[in-house]
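Pasted below: input-v2.cif, mmCIF, C-alpha atoms.
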data_my_file
#
loop_
_atom_site.group_PDB
_atom_site.id
_atom_site.type_symbol
_atom_site.label_atom_id
_atom_site.label_comp_id
_atom_site.auth_asym_id
_atom_site.auth_seq_id
_atom_site.Cartn_x
_atom_site.Cartn_y
_atom_site.Cartn_z
ATOM 1 C CA MET R 1 0.000 0.000 0.000
ATOM 2 C CA GLU R 2 2.857 2.375 0.740
ATOM 3 C CA HIS R 3 4.677 1.622 -2.479
ATOM 4 C CA TRP R 4 1.637 2.244 -4.683
ATOM 5 C CA GLY R 5 -0.186 4.770 -2.500
ATOM 6 C CA ILE R 6 -3.392 2.749 -2.359
ATOM 7 C CA ALA R 7 -6.068 2.306 0.295
ATOM 8 C CA PRO R 8 -8.072 -0.951 0.574
ATOM 9 C CA ARG R 9 -11.854 -0.736 0.289
ATOM 10 C CA GLU R 10 -13.222 -4.262 -0.177
ATOM 11 C CA TYR R 11 -12.018 -7.863 -0.432
ATOM 12 C CA LEU R 12 -13.183 -9.300 -3.761
ATOM 13 C CA GLY R 13 -12.036 -12.916 -3.279
ATOM 14 C CA GLY R 14 -10.717 -15.280 -5.927
ATOM 15 C CA ARG R 15 -10.443 -19.043 -6.466
ATOM 16 C CA ILE R 16 -6.652 -19.094 -6.869
ATOM 17 C CA ASN R 17 -5.375 -15.521 -6.898
ATOM 18 C CA GLU R 18 -6.828 -13.017 -4.412
ATOM 19 C CA HIS R 19 -8.262 -9.602 -5.247
ATOM 20 C CA TRP R 20 -9.063 -6.378 -3.409
ATOM 21 C CA LEU R 21 -10.880 -3.238 -4.481
ATOM 22 C CA VAL R 22 -8.576 -0.313 -3.652
ATOM 23 C CA GLU R 23 -8.480 3.455 -4.205
ATOM 24 C CA SER R 24 -5.704 5.688 -5.426
ATOM 25 C CA GLY R 25 -6.234 9.427 -5.865
ATOM 26 C CA GLY R 26 -9.993 8.955 -5.908
ATOM 27 C CA SER R 27 -9.848 6.266 -8.606
ATOM 28 C CA ARG R 28 -10.895 2.638 -8.165
ATOM 29 C CA LEU R 29 -8.323 -0.041 -8.944
ATOM 30 C CA VAL R 30 -8.025 -3.771 -8.305
ATOM 31 C CA LEU R 31 -5.091 -5.245 -6.410
ATOM 32 C CA ARG R 32 -4.241 -8.859 -7.226
ATOM 33 C CA GLY R 33 -2.115 -11.090 -5.018
ATOM 34 C CA TYR R 34 -0.798 -13.994 -7.070
ATOM 35 C CA ALA R 35 -0.972 -17.424 -5.413
ATOM 36 C CA ASN R 36 2.590 -18.723 -5.304
ATOM 37 C CA GLU R 37 2.997 -17.817 -8.975
ATOM 38 C CA GLN R 38 0.979 -20.898 -9.983
ATOM 39 C CA PHE R 39 0.937 -19.702 -13.571
ATOM 40 C CA ALA R 40 4.447 -19.031 -14.761
ATOM 41 C CA ASP R 41 5.252 -16.093 -17.027
ATOM 42 C CA ILE R 42 2.730 -13.620 -15.618
ATOM 43 C CA HIS R 43 4.017 -11.034 -18.092
ATOM 44 C CA TYR R 44 2.475 -13.097 -20.918
ATOM 45 C CA GLU R 45 -0.965 -12.555 -19.391
ATOM 46 C CA LEU R 46 -0.319 -8.827 -18.992
ATOM 47 C CA VAL R 47 0.661 -8.454 -22.650
ATOM 48 C CA VAL R 48 -2.427 -10.399 -23.799
ATOM 49 C CA LEU R 49 -4.622 -8.035 -21.781
ATOM 50 C CA ARG R 50 -2.909 -4.938 -23.129
ATOM 51 C CA ARG R 51 -3.224 -6.092 -26.727
ATOM 52 C CA LEU R 52 -6.882 -7.039 -26.328
ATOM 53 C CA GLU R 53 -7.562 -3.626 -24.823
ATOM 54 C CA GLY R 54 -5.976 -2.151 -27.938
ATOM 55 C CA LEU R 55 -8.449 -4.176 -30.006
ATOM 56 C CA GLY R 56 -11.380 -2.666 -28.114
ATOM 57 C CA TRP R 57 -12.138 -5.325 -25.520
ATOM 58 C CA PRO R 58 -13.076 -4.342 -21.923
ATOM 59 C CA VAL R 59 -10.348 -6.191 -20.020
ATOM 60 C CA PRO R 60 -8.390 -5.231 -16.892
ATOM 61 C CA VAL R 61 -4.899 -3.959 -17.675
ATOM 62 C CA ALA R 62 -1.954 -3.437 -15.357
ATOM 63 C CA VAL R 63 -1.321 0.169 -14.320
ATOM 64 C CA ARG R 64 1.967 -0.575 -12.529
ATOM 65 C CA GLU R 65 4.872 -2.961 -12.964
ATOM 66 C CA LEU R 66 4.528 -6.204 -11.018
ATOM 67 C CA LEU R 67 5.827 -5.970 -7.465
ATOM 68 C CA HIS R 68 7.372 -8.771 -5.398
ATOM 69 C CA CYS R 69 6.672 -8.156 -1.726
ATOM 70 C CA GLU R 70 6.429 -10.382 1.374
ATOM 71 C CA GLY R 71 7.202 -13.482 -0.680
ATOM 72 C CA ARG R 72 4.367 -12.867 -3.125
ATOM 73 C CA MET R 73 3.856 -11.260 -6.530
ATOM 74 C CA TRP R 74 1.377 -8.367 -6.727
ATOM 75 C CA GLY R 75 -0.303 -6.559 -9.608
ATOM 76 C CA LEU R 76 -2.407 -3.401 -9.794
ATOM 77 C CA PHE R 77 -5.123 -3.279 -12.452
ATOM 78 C CA THR R 78 -7.872 -1.088 -13.826
ATOM 79 C CA TRP R 79 -11.266 -1.634 -12.202
ATOM 80 C CA LEU R 80 -14.177 -2.608 -14.445
ATOM 81 C CA PRO R 81 -17.824 -1.860 -13.598
ATOM 82 C CA GLY R 82 -20.730 -4.266 -13.844
ATOM 83 C CA ALA R 83 -21.548 -7.696 -12.464
ATOM 84 C CA PRO R 84 -22.008 -11.256 -13.789
ATOM 85 C CA ARG R 85 -25.503 -12.155 -14.915
ATOM 86 C CA LEU R 86 -27.528 -13.949 -12.262
ATOM 87 C CA THR R 87 -29.401 -16.274 -14.632
ATOM 88 C CA ASN R 88 -27.430 -18.631 -16.846
ATOM 89 C CA GLY R 89 -29.893 -20.558 -18.980
ATOM 90 C CA VAL R 90 -30.000 -21.527 -22.643
ATOM 91 C CA ALA R 91 -30.061 -17.920 -23.884
ATOM 92 C CA GLU R 92 -27.006 -17.007 -21.794
ATOM 93 C CA GLU R 93 -25.071 -20.046 -23.027
ATOM 94 C CA ARG R 94 -25.801 -19.282 -26.664
ATOM 95 C CA ALA R 95 -24.896 -15.601 -26.233
ATOM 96 C CA ARG R 96 -21.691 -16.596 -24.451
ATOM 97 C CA GLY R 97 -20.793 -18.876 -27.354
ATOM 98 C CA ARG R 98 -21.225 -15.997 -29.813
ATOM 99 C CA LEU R 99 -19.122 -13.745 -27.592
ATOM 100 C CA LEU R 100 -16.358 -16.337 -27.338
ATOM 101 C CA ALA R 101 -16.254 -16.634 -31.124
ATOM 102 C CA ALA R 102 -15.950 -12.848 -31.427
ATOM 103 C CA LEU R 103 -13.143 -12.812 -28.861
ATOM 104 C CA HIS R 104 -11.356 -15.549 -30.805
ATOM 105 C CA ASP R 105 -11.446 -13.354 -33.912
ATOM 106 C CA SER R 106 -9.235 -10.979 -31.918
ATOM 107 C CA THR R 107 -7.011 -13.503 -30.138
ATOM 108 C CA ALA R 108 -6.278 -15.058 -33.537
ATOM 109 C CA LEU R 109 -4.562 -11.740 -34.375
ATOM 110 C CA ILE R 110 -2.043 -12.017 -31.516
ATOM 111 C CA VAL R 111 -0.640 -15.502 -32.124
ATOM 112 C CA ASP R 112 2.727 -13.883 -32.811
ATOM 113 C CA MET R 113 3.146 -13.932 -29.016
ATOM 114 C CA GLY R 114 3.901 -17.644 -29.264
ATOM 115 C CA GLN R 115 3.441 -20.071 -26.407
ATOM 116 C CA ARG R 116 3.392 -19.102 -22.761
ATOM 117 C CA LYS R 117 6.287 -20.425 -20.721
ATOM 118 C CA GLY R 118 5.316 -23.602 -18.883
ATOM 119 C CA CYS R 119 2.266 -24.296 -21.096
ATOM 120 C CA GLY R 120 1.768 -26.796 -23.892
ATOM 121 C CA LEU R 121 -0.710 -27.859 -26.552
ATOM 122 C CA ALA R 122 -3.496 -30.253 -25.619
ATOM 123 C CA GLU R 123 -1.773 -33.426 -26.814
ATOM 124 C CA GLU R 124 1.366 -32.524 -24.853
ATOM 125 C CA VAL R 125 -0.592 -32.608 -21.591
ATOM 126 C CA VAL R 126 -1.910 -36.166 -22.034
ATOM 127 C CA GLY R 127 1.330 -37.236 -23.737
ATOM 128 C CA ASP R 128 3.470 -36.362 -20.715
ATOM 129 C CA PRO R 129 5.599 -39.529 -20.198
ATOM 130 C CA GLU R 130 5.262 -39.213 -16.415
ATOM 131 C CA LEU R 131 1.472 -39.112 -16.408
ATOM 132 C CA LEU R 132 0.559 -42.698 -17.349
ATOM 133 C CA PRO R 133 2.791 -44.520 -14.803
ATOM 134 C CA LEU R 134 1.619 -42.150 -12.074
ATOM 135 C CA ILE R 135 -2.041 -42.882 -12.883
ATOM 136 C CA GLU R 136 -1.261 -46.607 -12.818
ATOM 137 C CA ASP R 137 0.252 -46.206 -9.344
ATOM 138 C CA TYR R 138 -2.716 -44.115 -8.272
ATOM 139 C CA ALA R 139 -5.118 -46.860 -9.426
ATOM 140 C CA ARG R 140 -3.703 -49.203 -6.782
ATOM 141 C CA ILE R 141 -5.128 -46.905 -4.093
ATOM 142 C CA TYR R 142 -8.240 -45.679 -5.941
ATOM 143 C CA PRO R 143 -8.928 -48.513 -8.425
ATOM 144 C CA VAL R 144 -12.296 -47.243 -9.725
ATOM 145 C CA GLU R 145 -11.205 -43.633 -10.263
ATOM 146 C CA GLY R 146 -7.773 -44.693 -11.500
ATOM 147 C CA GLN R 147 -9.209 -47.023 -14.129
ATOM 148 C CA ILE R 148 -11.626 -44.349 -15.349
ATOM 149 C CA MET R 149 -8.743 -41.909 -15.729
ATOM 150 C CA ARG R 150 -6.544 -44.521 -17.417
ATOM 151 C CA TRP R 151 -9.261 -45.471 -19.942
ATOM 152 C CA HIS R 152 -9.932 -41.869 -20.915
ATOM 153 C CA LEU R 153 -6.217 -41.052 -21.109
ATOM 154 C CA ASP R 154 -5.695 -43.949 -23.518
ATOM 155 C CA GLU R 155 -8.733 -42.856 -25.530
ATOM 156 C CA ALA R 156 -7.459 -39.255 -25.742
ATOM 157 C CA LEU R 157 -4.016 -40.386 -26.902
ATOM 158 C CA GLU R 158 -5.622 -42.640 -29.520
ATOM 159 C CA ARG R 159 -7.769 -39.804 -30.840
ATOM 160 C CA PHE R 160 -4.863 -37.357 -31.022
ATOM 161 C CA ALA R 161 -2.817 -39.962 -32.907
ATOM 162 C CA HIS R 162 -5.409 -40.068 -35.694
ATOM 163 C CA ILE R 163 -5.833 -36.308 -36.114
ATOM 164 C CA ASP R 164 -3.753 -34.141 -38.443
ATOM 165 C CA LEU R 165 -2.673 -31.737 -35.700
ATOM 166 C CA LYS R 166 -0.530 -29.702 -38.092
ATOM 167 C CA ALA R 167 -3.709 -28.644 -39.880
ATOM 168 C CA ALA R 168 -5.453 -27.572 -36.657
ATOM 169 C CA GLU R 169 -5.714 -23.861 -35.910
ATOM 170 C CA THR R 170 -4.029 -22.513 -32.776
ATOM 171 C CA ILE R 171 -4.967 -19.215 -31.184
ATOM 172 C CA VAL R 172 -4.471 -17.479 -27.849
ATOM 173 C CA LEU R 173 -7.128 -18.794 -25.449
ATOM 174 C CA HIS R 174 -8.960 -17.068 -22.619
ATOM 175 C CA SER R 175 -8.974 -20.441 -20.752
ATOM 176 C CA ASP R 176 -12.004 -19.982 -18.441
ATOM 177 C CA PHE R 177 -14.787 -18.298 -20.403
ATOM 178 C CA ALA R 178 -17.422 -18.920 -17.742
ATOM 179 C CA PRO R 179 -20.435 -16.737 -16.793
ATOM 180 C CA TRP R 180 -18.836 -15.469 -13.584
ATOM 181 C CA ASN R 181 -15.950 -13.988 -15.583
ATOM 182 C CA LEU R 182 -18.189 -11.750 -17.726
ATOM 183 C CA LEU R 183 -19.410 -8.404 -16.398
ATOM 184 C CA TYR R 184 -22.486 -6.560 -17.662
ATOM 185 C CA GLU R 185 -24.327 -3.319 -17.012
ATOM 186 C CA GLY R 186 -27.765 -4.022 -18.403
ATOM 187 C CA LYS R 187 -27.159 -5.540 -21.828
ATOM 188 C CA LYS R 188 -23.727 -3.943 -22.234
ATOM 189 C CA LEU R 189 -20.609 -6.063 -21.774
ATOM 190 C CA THR R 190 -18.346 -4.124 -19.403
ATOM 191 C CA GLY R 191 -15.631 -6.598 -18.541
ATOM 192 C CA ILE R 192 -13.967 -9.933 -19.285
ATOM 193 C CA LEU R 193 -11.995 -11.208 -16.311
ATOM 194 C CA ASP R 194 -9.633 -14.055 -15.383
ATOM 195 C CA PHE R 195 -7.046 -14.459 -18.115
ATOM 196 C CA GLU R 196 -4.670 -16.077 -15.605
ATOM 197 C CA GLY R 197 -4.454 -19.288 -17.654
ATOM 198 C CA THR R 198 -4.263 -17.654 -21.098
ATOM 199 C CA HIS R 199 -1.914 -19.443 -23.509
ATOM 200 C CA LEU R 200 -1.619 -20.737 -27.073
ATOM 201 C CA ASN R 201 -3.694 -23.812 -27.891
ATOM 202 C CA TYR R 202 -6.211 -25.237 -30.336
ATOM 203 C CA ARG R 203 -9.270 -23.072 -30.914
ATOM 204 C CA VAL R 204 -11.655 -25.688 -29.494
ATOM 205 C CA SER R 205 -9.583 -26.071 -26.320
ATOM 206 C CA ASP R 206 -11.283 -22.906 -25.067
ATOM 207 C CA PHE R 207 -14.531 -24.878 -24.840
ATOM 208 C CA ALA R 208 -13.134 -26.948 -21.972
ATOM 209 C CA LEU R 209 -14.368 -24.668 -19.195
ATOM 210 C CA SER R 210 -17.128 -22.869 -21.120
ATOM 211 C CA TRP R 211 -18.819 -25.963 -22.572
ATOM 212 C CA ARG R 212 -17.817 -28.335 -19.712
ATOM 213 C CA GLY R 213 -19.220 -31.256 -21.621
ATOM 214 C CA ASP R 214 -22.886 -30.379 -21.118
ATOM 215 C CA HIS R 215 -23.501 -26.664 -21.841
ATOM 216 C CA HIS R 216 -24.175 -27.489 -25.482
ATOM 217 C CA GLU R 217 -25.749 -24.156 -26.382
ATOM 218 C CA VAL R 218 -22.310 -22.556 -25.979
ATOM 219 C CA ILE R 219 -21.098 -24.486 -29.014
ATOM 220 C CA ASP R 220 -24.300 -23.793 -30.962
ATOM 221 C CA GLY R 221 -23.946 -20.063 -30.289
ATOM 222 C CA TYR R 222 -20.283 -20.158 -31.256
ATOM 223 C CA GLU R 223 -21.153 -21.660 -34.628
ATOM 224 C CA GLU R 224 -23.512 -18.787 -35.357
ATOM 225 C CA VAL R 225 -20.347 -16.678 -35.656
ATOM 226 C CA HIS R 226 -17.615 -19.170 -36.500
ATOM 227 C CA GLU R 227 -18.518 -22.569 -37.901
ATOM 228 C CA LEU R 228 -16.446 -25.458 -36.589
ATOM 229 C CA THR R 229 -14.750 -27.680 -39.145
ATOM 230 C CA GLU R 230 -14.837 -31.473 -38.976
ATOM 231 C CA LEU R 231 -11.238 -31.291 -37.753
ATOM 232 C CA ASP R 232 -12.364 -28.968 -34.946
ATOM 233 C CA ARG R 233 -15.050 -31.474 -33.989
ATOM 234 C CA GLU R 234 -12.574 -34.341 -33.954
ATOM 235 C CA LEU R 235 -10.339 -32.298 -31.670
ATOM 236 C CA LEU R 236 -13.109 -31.172 -29.346
ATOM 237 C CA ILE R 237 -13.290 -34.275 -27.145
ATOM 238 C CA PRO R 238 -9.581 -35.120 -26.685
ATOM 239 C CA ALA R 239 -8.818 -31.415 -26.171
ATOM 240 C CA TYR R 240 -11.541 -31.254 -23.513
ATOM 241 C CA TRP R 241 -10.264 -34.386 -21.783
ATOM 242 C CA SER R 242 -6.689 -33.125 -21.842
ATOM 243 C CA TRP R 243 -7.842 -30.120 -19.801
ATOM 244 C CA LEU R 244 -9.134 -32.509 -17.141
ATOM 245 C CA PHE R 245 -5.633 -33.956 -16.751
ATOM 246 C CA LEU R 246 -3.991 -30.582 -16.105
ATOM 247 C CA GLY R 247 -2.259 -30.719 -12.738
ATOM 248 C CA VAL R 248 -3.038 -34.426 -12.196
ATOM 249 C CA ARG R 249 0.613 -35.449 -12.466
ATOM 250 C CA ASP R 250 1.744 -33.011 -9.775
ATOM 251 C CA GLU R 251 -1.283 -33.787 -7.616
ATOM 252 C CA ILE R 252 -0.458 -37.504 -7.567
ATOM 253 C CA LYS R 253 3.185 -36.732 -6.864
ATOM 254 C CA GLY R 254 2.020 -34.675 -3.905
ATOM 255 C CA MET R 255 -0.045 -37.597 -2.606
ATOM 256 C CA VAL R 256 2.923 -39.964 -2.933
ATOM 257 C CA ALA R 257 5.178 -37.505 -1.086
ATOM 258 C CA GLY R 258 2.598 -37.002 1.655
ATOM 259 C CA ASN R 259 2.196 -33.303 0.880
ATOM 260 C CA THR R 260 -1.332 -33.631 -0.519
ATOM 261 C CA PRO R 261 -4.197 -35.557 1.135
ATOM 262 C CA PRO R 262 -5.238 -38.561 -1.005
ATOM 263 C CA HIS R 263 -8.495 -38.013 -2.893
ATOM 264 C CA GLY R 264 -10.510 -39.465 -5.733
ATOM 265 C CA PHE R 265 -10.242 -36.678 -8.352
ATOM 266 C CA GLU R 266 -14.034 -36.360 -8.103
ATOM 267 C CA TRP R 267 -14.257 -33.269 -10.334
ATOM 268 C CA GLN R 268 -12.159 -34.823 -13.101
ATOM 269 C CA VAL R 269 -13.957 -38.169 -12.965
ATOM 270 C CA LYS R 270 -17.399 -36.523 -13.078
ATOM 271 C CA HIS R 271 -16.499 -34.624 -16.233
ATOM 272 C CA LEU R 272 -14.709 -37.569 -17.880
ATOM 273 C CA MET R 273 -17.828 -39.730 -17.478
ATOM 274 C CA ARG R 274 -20.203 -37.294 -19.182
ATOM 275 C CA ARG R 275 -21.922 -38.685 -22.266
ATOM 276 C CA SER R 276 -24.557 -36.137 -23.282
ATOM 277 C CA GLY R 277 -24.830 -34.268 -26.576
ATOM 278 C CA ILE R 278 -21.670 -34.442 -28.670
ATOM 279 C CA LEU R 279 -19.981 -36.661 -26.095
ATOM 280 C CA GLY R 280 -22.806 -39.180 -26.294
ATOM 281 C CA GLU R 281 -22.621 -39.162 -30.092
ATOM 282 C CA ARG R 282 -18.855 -39.525 -30.379
ATOM 283 C CA VAL R 283 -17.674 -41.425 -27.292
ATOM 284 C CA ALA R 284 -18.362 -45.027 -26.349
ATOM 285 C CA VAL R 285 -19.902 -45.745 -22.963
ATOM 286 C CA TYR R 286 -17.183 -46.430 -20.399
ATOM 287 C CA PRO R 287 -16.877 -50.256 -20.549
ATOM 288 C CA ARG R 288 -16.309 -50.989 -16.854
#
Just give me the structure of the file as structure tokens.
Amino acid sequence: MEHWGIAPREYLGGRINEHWLVESGGSRLVLRGYANEQFADIHYELVVLRRLEGLGWPVPVAVRELLHCEGRMWGLFTWLPGAPRLTNGVAEERARGRLLAALHDSTALIVDMGQRKGCGLAEEVVGDPELLPLIEDYARIYPVEGQIMRWHLDEALERFAHIDLKAAETIVLHSDFAPWNLLYEGKKLTGILDFEGTHLNYRVSDFALSWRGDHHEVIDGYEEVHELTELDRELLIPAYWSWLFLGVRDEIKGMVAGNTPPHGFEWQVKHLMRRSGILGERVAVYPR
């Protein structure tokens, strides 16, 4: 607070990083405390935000250089008005799909940024040579959950192996285009938040946390603006599954080392087992 001359007004929360509403010279700003630098290369995120602002998008941009203080990284950002919509039905999903497609038209223009340090394409996540043996070890403790994860990992690898990945389009993703990250005042979009996981990946990878395997109107709305190719559709399921394996390797390592309480990866398993809509059409029922 001394360094930036800010006064705290309200704690805004955050799932991973923490946020506070602060004031400086009568202006509202948002202070972010990064959580142990979980996402490497924070500067990549800041540049994405600045470039999207230049393309006319209402995104929070840094107003100061990052500051390392008390063992933590801090950022100071513009404050955006508005609030997430309270109702998230079919109409909201379809509108969000159209909005995501429009955002992708812009993020496709900034692919010259390359890949974010520490991130990889979808097939690189499931193709991590450490992942499979760790899941096999995990299955000895949690046999049901472990076998579900192993079956879907094998299926994802098989699907990636039969796709011409060189022909697939890569763009800069938002990474969590969910309703709570979109701010509105009335019908006007006033803010898009939470680019903390932004990186370069396949276009359809951005459906992972916006579609979530069952919000099918998001995809329908998207196609009103940008039609998916058959290659996109082939990529959709393995790209979605790869997202569910993010962090699994390190989580299992933590369990083995005794640093993380053992658990059944309930969130991942729930999403892997979904078979509605496109998943029901294109994925076999889990055989066990």
In file coordinates, which residues lie within 8 Å of (-10.4, -27.1, -30.1) using all atoms listed in the file, given as a PDB file with C-alpha atoms, in the frame of the given file?
ATOM      1  CA  ASN R 201      -3.694 -23.812 -27.891  1.00  0.00           C
ATOM      2  CA  TYR R 202      -6.211 -25.237 -30.336  1.00  0.00           C
ATOM      3  CA  ARG R 203      -9.270 -23.072 -30.914  1.00  0.00           C
ATOM      4  CA  VAL R 204     -11.655 -25.688 -29.494  1.00  0.00           C
ATOM      5  CA  SER R 205      -9.583 -26.071 -26.320  1.00  0.00           C
ATOM      6  CA  ASP R 206     -11.283 -22.906 -25.067  1.00  0.00           C
ATOM      7  CA  PHE R 207     -14.531 -24.878 -24.840  1.00  0.00           C
ATOM      8  CA  ASP R 232     -12.364 -28.968 -34.946  1.00  0.00           C
ATOM      9  CA  ARG R 233     -15.050 -31.474 -33.989  1.00  0.00           C
ATOM     10  CA  LEU R 235     -10.339 -32.298 -31.670  1.00  0.00           C
ATOM     11  CA  LEU R 236     -13.109 -31.172 -29.346  1.00  0.00           C
ATOM     12  CA  ALA R 239      -8.818 -31.415 -26.171  1.00  0.00           C
ATOM     13  CA  TYR R 240     -11.541 -31.254 -23.513  1.00  0.00           C
TER      14      TYR R 240
END
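The list of residues with at least one atom within 8 Å of R:Glu93, based on all atoms listed in the file and without residues fewer than 2 positions apart in the same chain, reads Asn88, Gly89, Val90, Ala91, Ala95, Arg96, Gly97, His215, His216, Glu217, Val218 and Gly221 of chain R.
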- [ ] List the residues selected by the PyMOL selection byres ((chain R and resi 139) around 12) in the file shown, writing them as a list in words.
- [x]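 On the file shown, the PyMOL selection byres ((chain R and resi 139) around 12) covers Leu132, Pro133, Leu134, Ile135, Glu136, Asp137, Tyr138, Arg140, Ile141, Tyr142, Pro143, Val144, Glu145, Gly146, Gln147, Ile148, Met149, Arg150, Trp151, Ile252, Pro262, His263, Gly264 and Phe265 of chain R.
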TODO: Identify, on the basis of only C-alpha atoms, every residue whose closest approach to R:Gly33 does not exceed 9 Å; exclude the query and any residue fewer than 3 positions from it along the same chain; express the result as a PyMOL selection string.
DONE: chain R and resi 17-20+36+72-75
10 Å contact set for stretch 182-186 of chain R, only C-alpha atoms, chain neighbours under 4 positions out, as a PDB file with C-alpha atoms, keeping the file's coordinate frame:
ATOM      1  CA  PRO R  58     -13.076  -4.342 -21.923  1.00  0.00           C
ATOM      2  CA  VAL R  59     -10.348  -6.191 -20.020  1.00  0.00           C
ATOM      3  CA  LEU R  80     -14.177  -2.608 -14.445  1.00  0.00           C
ATOM      4  CA  PRO R  81     -17.824  -1.860 -13.598  1.00  0.00           C
ATOM      5  CA  GLY R  82     -20.730  -4.266 -13.844  1.00  0.00           C
ATOM      6  CA  ALA R  83     -21.548  -7.696 -12.464  1.00  0.00           C
ATOM      7  CA  PRO R  84     -22.008 -11.256 -13.789  1.00  0.00           C
ATOM      8  CA  ARG R  85     -25.503 -12.155 -14.915  1.00  0.00           C
ATOM      9  CA  ARG R  96     -21.691 -16.596 -24.451  1.00  0.00           C
ATOM     10  CA  PHE R 177     -14.787 -18.298 -20.403  1.00  0.00           C
ATOM     11  CA  ALA R 178     -17.422 -18.920 -17.742  1.00  0.00           C
ATOM     12  CA  THR R 190     -18.346  -4.124 -19.403  1.00  0.00           C
ATOM     13  CA  GLY R 191     -15.631  -6.598 -18.541  1.00  0.00           C
ATOM     14  CA  ILE R 192     -13.967  -9.933 -19.285  1.00  0.00           C
ATOM     15  CA  LEU R 193     -11.995 -11.208 -16.311  1.00  0.00           C
ATOM     16  CA  ASP R 194      -9.633 -14.055 -15.383  1.00  0.00           C
TER      17      ASP R 194
END
- [ ] Considering all atoms listed in the file, state which residue in the set R:Lys117, R:His152, R:Arg64, R:His271 is at the smallest distance from R:Arg32.
- [x] R:Arg64
- [ ] Please provide the set of residues having any atom within 8 Å of R:Val22, restricted to all atoms listed in the file, with same-chain residues fewer than 3 positions apart removed, written as a ChimeraX atom specification.
- [x] /R:6-10,28-31
- [ ] May I have the residues at most 10 Å from (-3.1, -16.3, -28.9) in the file's coordinates, counting only C-alpha atoms, as a list in words?
- [x]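 In the file's frame, the residues around the point are Val48, His104, Ser106, Thr107, Ala108, Leu109, Ile110, Val111, Asp112, Met113, Gly114, Gln115, Arg116, Thr170, Ile171, Val172, Leu173, His174, Thr198, His199, Leu200, Asn201, Tyr202 and Arg203 of chain R.
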TODO: Apply the PyMOL selection byres ((chain R and resi 157) around 8) to the file shown and report the selected residues as a PyMOL selection string.
DONE: chain R and resi 123+126-127+153-156+158-161+238
TODO: Find the distance between atom CA of R:Pro261 and atom CA of R:Arg212 and write it in Å to one decimal.
DONE: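 Computing it gives 25.9 Å between the two atoms.
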TODO: Name all residues at most 9 Å from R:Leu272 (count only C-alpha atoms; drop same-chain ones fewer than 2 positions away) and give them as a ChimeraX atom specification.
DONE: /R:148-149,152,213,241,244,267-270,274-275
For the residues in the current selection, export C-alpha atoms as an mmCIF file, in the coordinates of the input.
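Output saved as selection.cif:
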data_model
loop_
_atom_site.group_PDB
_atom_site.id
_atom_site.type_symbol
_atom_site.label_atom_id
_atom_site.label_comp_id
_atom_site.auth_asym_id
_atom_site.auth_seq_id
_atom_site.Cartn_x
_atom_site.Cartn_y
_atom_site.Cartn_z
ATOM 1 C CA ILE R 148 -11.626 -44.349 -15.349
ATOM 2 C CA MET R 149 -8.743 -41.909 -15.729
ATOM 3 C CA HIS R 152 -9.932 -41.869 -20.915
ATOM 4 C CA GLY R 213 -19.220 -31.256 -21.621
ATOM 5 C CA TRP R 241 -10.264 -34.386 -21.783
ATOM 6 C CA LEU R 244 -9.134 -32.509 -17.141
ATOM 7 C CA TRP R 267 -14.257 -33.269 -10.334
ATOM 8 C CA GLN R 268 -12.159 -34.823 -13.101
ATOM 9 C CA VAL R 269 -13.957 -38.169 -12.965
ATOM 10 C CA LYS R 270 -17.399 -36.523 -13.078
ATOM 11 C CA ARG R 274 -20.203 -37.294 -19.182
ATOM 12 C CA ARG R 275 -21.922 -38.685 -22.266
#
Some atoms are missing, so please complete stretch 112-121 of chain R with N, CA and C atoms and return it as a PDB file, in the coordinates of the input.
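After the write, result.pdb holds the following:
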ATOM      1  N   ASP R 112       1.295 -14.142 -32.720  1.00  0.00           N
ATOM      2  CA  ASP R 112       2.727 -13.883 -32.811  1.00  0.00           C
ATOM      3  C   ASP R 112       3.395 -13.887 -31.441  1.00  0.00           C
ATOM      4  N   MET R 113       2.595 -13.870 -30.366  1.00  0.00           N
ATOM      5  CA  MET R 113       3.146 -13.932 -29.016  1.00  0.00           C
ATOM      6  C   MET R 113       3.775 -15.289 -28.729  1.00  0.00           C
ATOM      7  N   GLY R 114       3.369 -16.313 -29.495  1.00  0.00           N
ATOM      8  CA  GLY R 114       3.901 -17.644 -29.264  1.00  0.00           C
ATOM      9  C   GLY R 114       3.292 -18.281 -28.025  1.00  0.00           C
ATOM     10  N   GLN R 115       3.961 -19.322 -27.550  1.00  0.00           N
ATOM     11  CA  GLN R 115       3.441 -20.071 -26.407  1.00  0.00           C
ATOM     12  C   GLN R 115       3.906 -19.468 -25.085  1.00  0.00           C
ATOM     13  N   ARG R 116       3.055 -19.563 -24.101  1.00  0.00           N
ATOM     14  CA  ARG R 116       3.392 -19.102 -22.761  1.00  0.00           C
ATOM     15  C   ARG R 116       4.342 -20.092 -22.091  1.00  0.00           C
ATOM     16  N   LYS R 117       5.322 -19.580 -21.405  1.00  0.00           N
ATOM     17  CA  LYS R 117       6.287 -20.425 -20.721  1.00  0.00           C
ATOM     18  C   LYS R 117       5.575 -21.348 -19.743  1.00  0.00           C
ATOM     19  N   GLY R 118       5.908 -22.641 -19.798  1.00  0.00           N
ATOM     20  CA  GLY R 118       5.316 -23.602 -18.883  1.00  0.00           C
ATOM     21  C   GLY R 118       4.014 -24.205 -19.374  1.00  0.00           C
ATOM     22  N   CYS R 119       3.517 -23.773 -20.548  1.00  0.00           N
ATOM     23  CA  CYS R 119       2.266 -24.296 -21.096  1.00  0.00           C
ATOM     24  C   CYS R 119       2.550 -25.135 -22.337  1.00  0.00           C
ATOM     25  N   GLY R 120       1.603 -25.957 -22.713  1.00  0.00           N
ATOM     26  CA  GLY R 120       1.768 -26.796 -23.892  1.00  0.00           C
ATOM     27  C   GLY R 120       0.449 -26.991 -24.604  1.00  0.00           C
ATOM     28  N   LEU R 121       0.503 -27.544 -25.808  1.00  0.00           N
ATOM     29  CA  LEU R 121      -0.710 -27.859 -26.552  1.00  0.00           C
ATOM     30  C   LEU R 121      -1.414 -29.047 -25.906  1.00  0.00           C
TER      31      LEU R 121
END
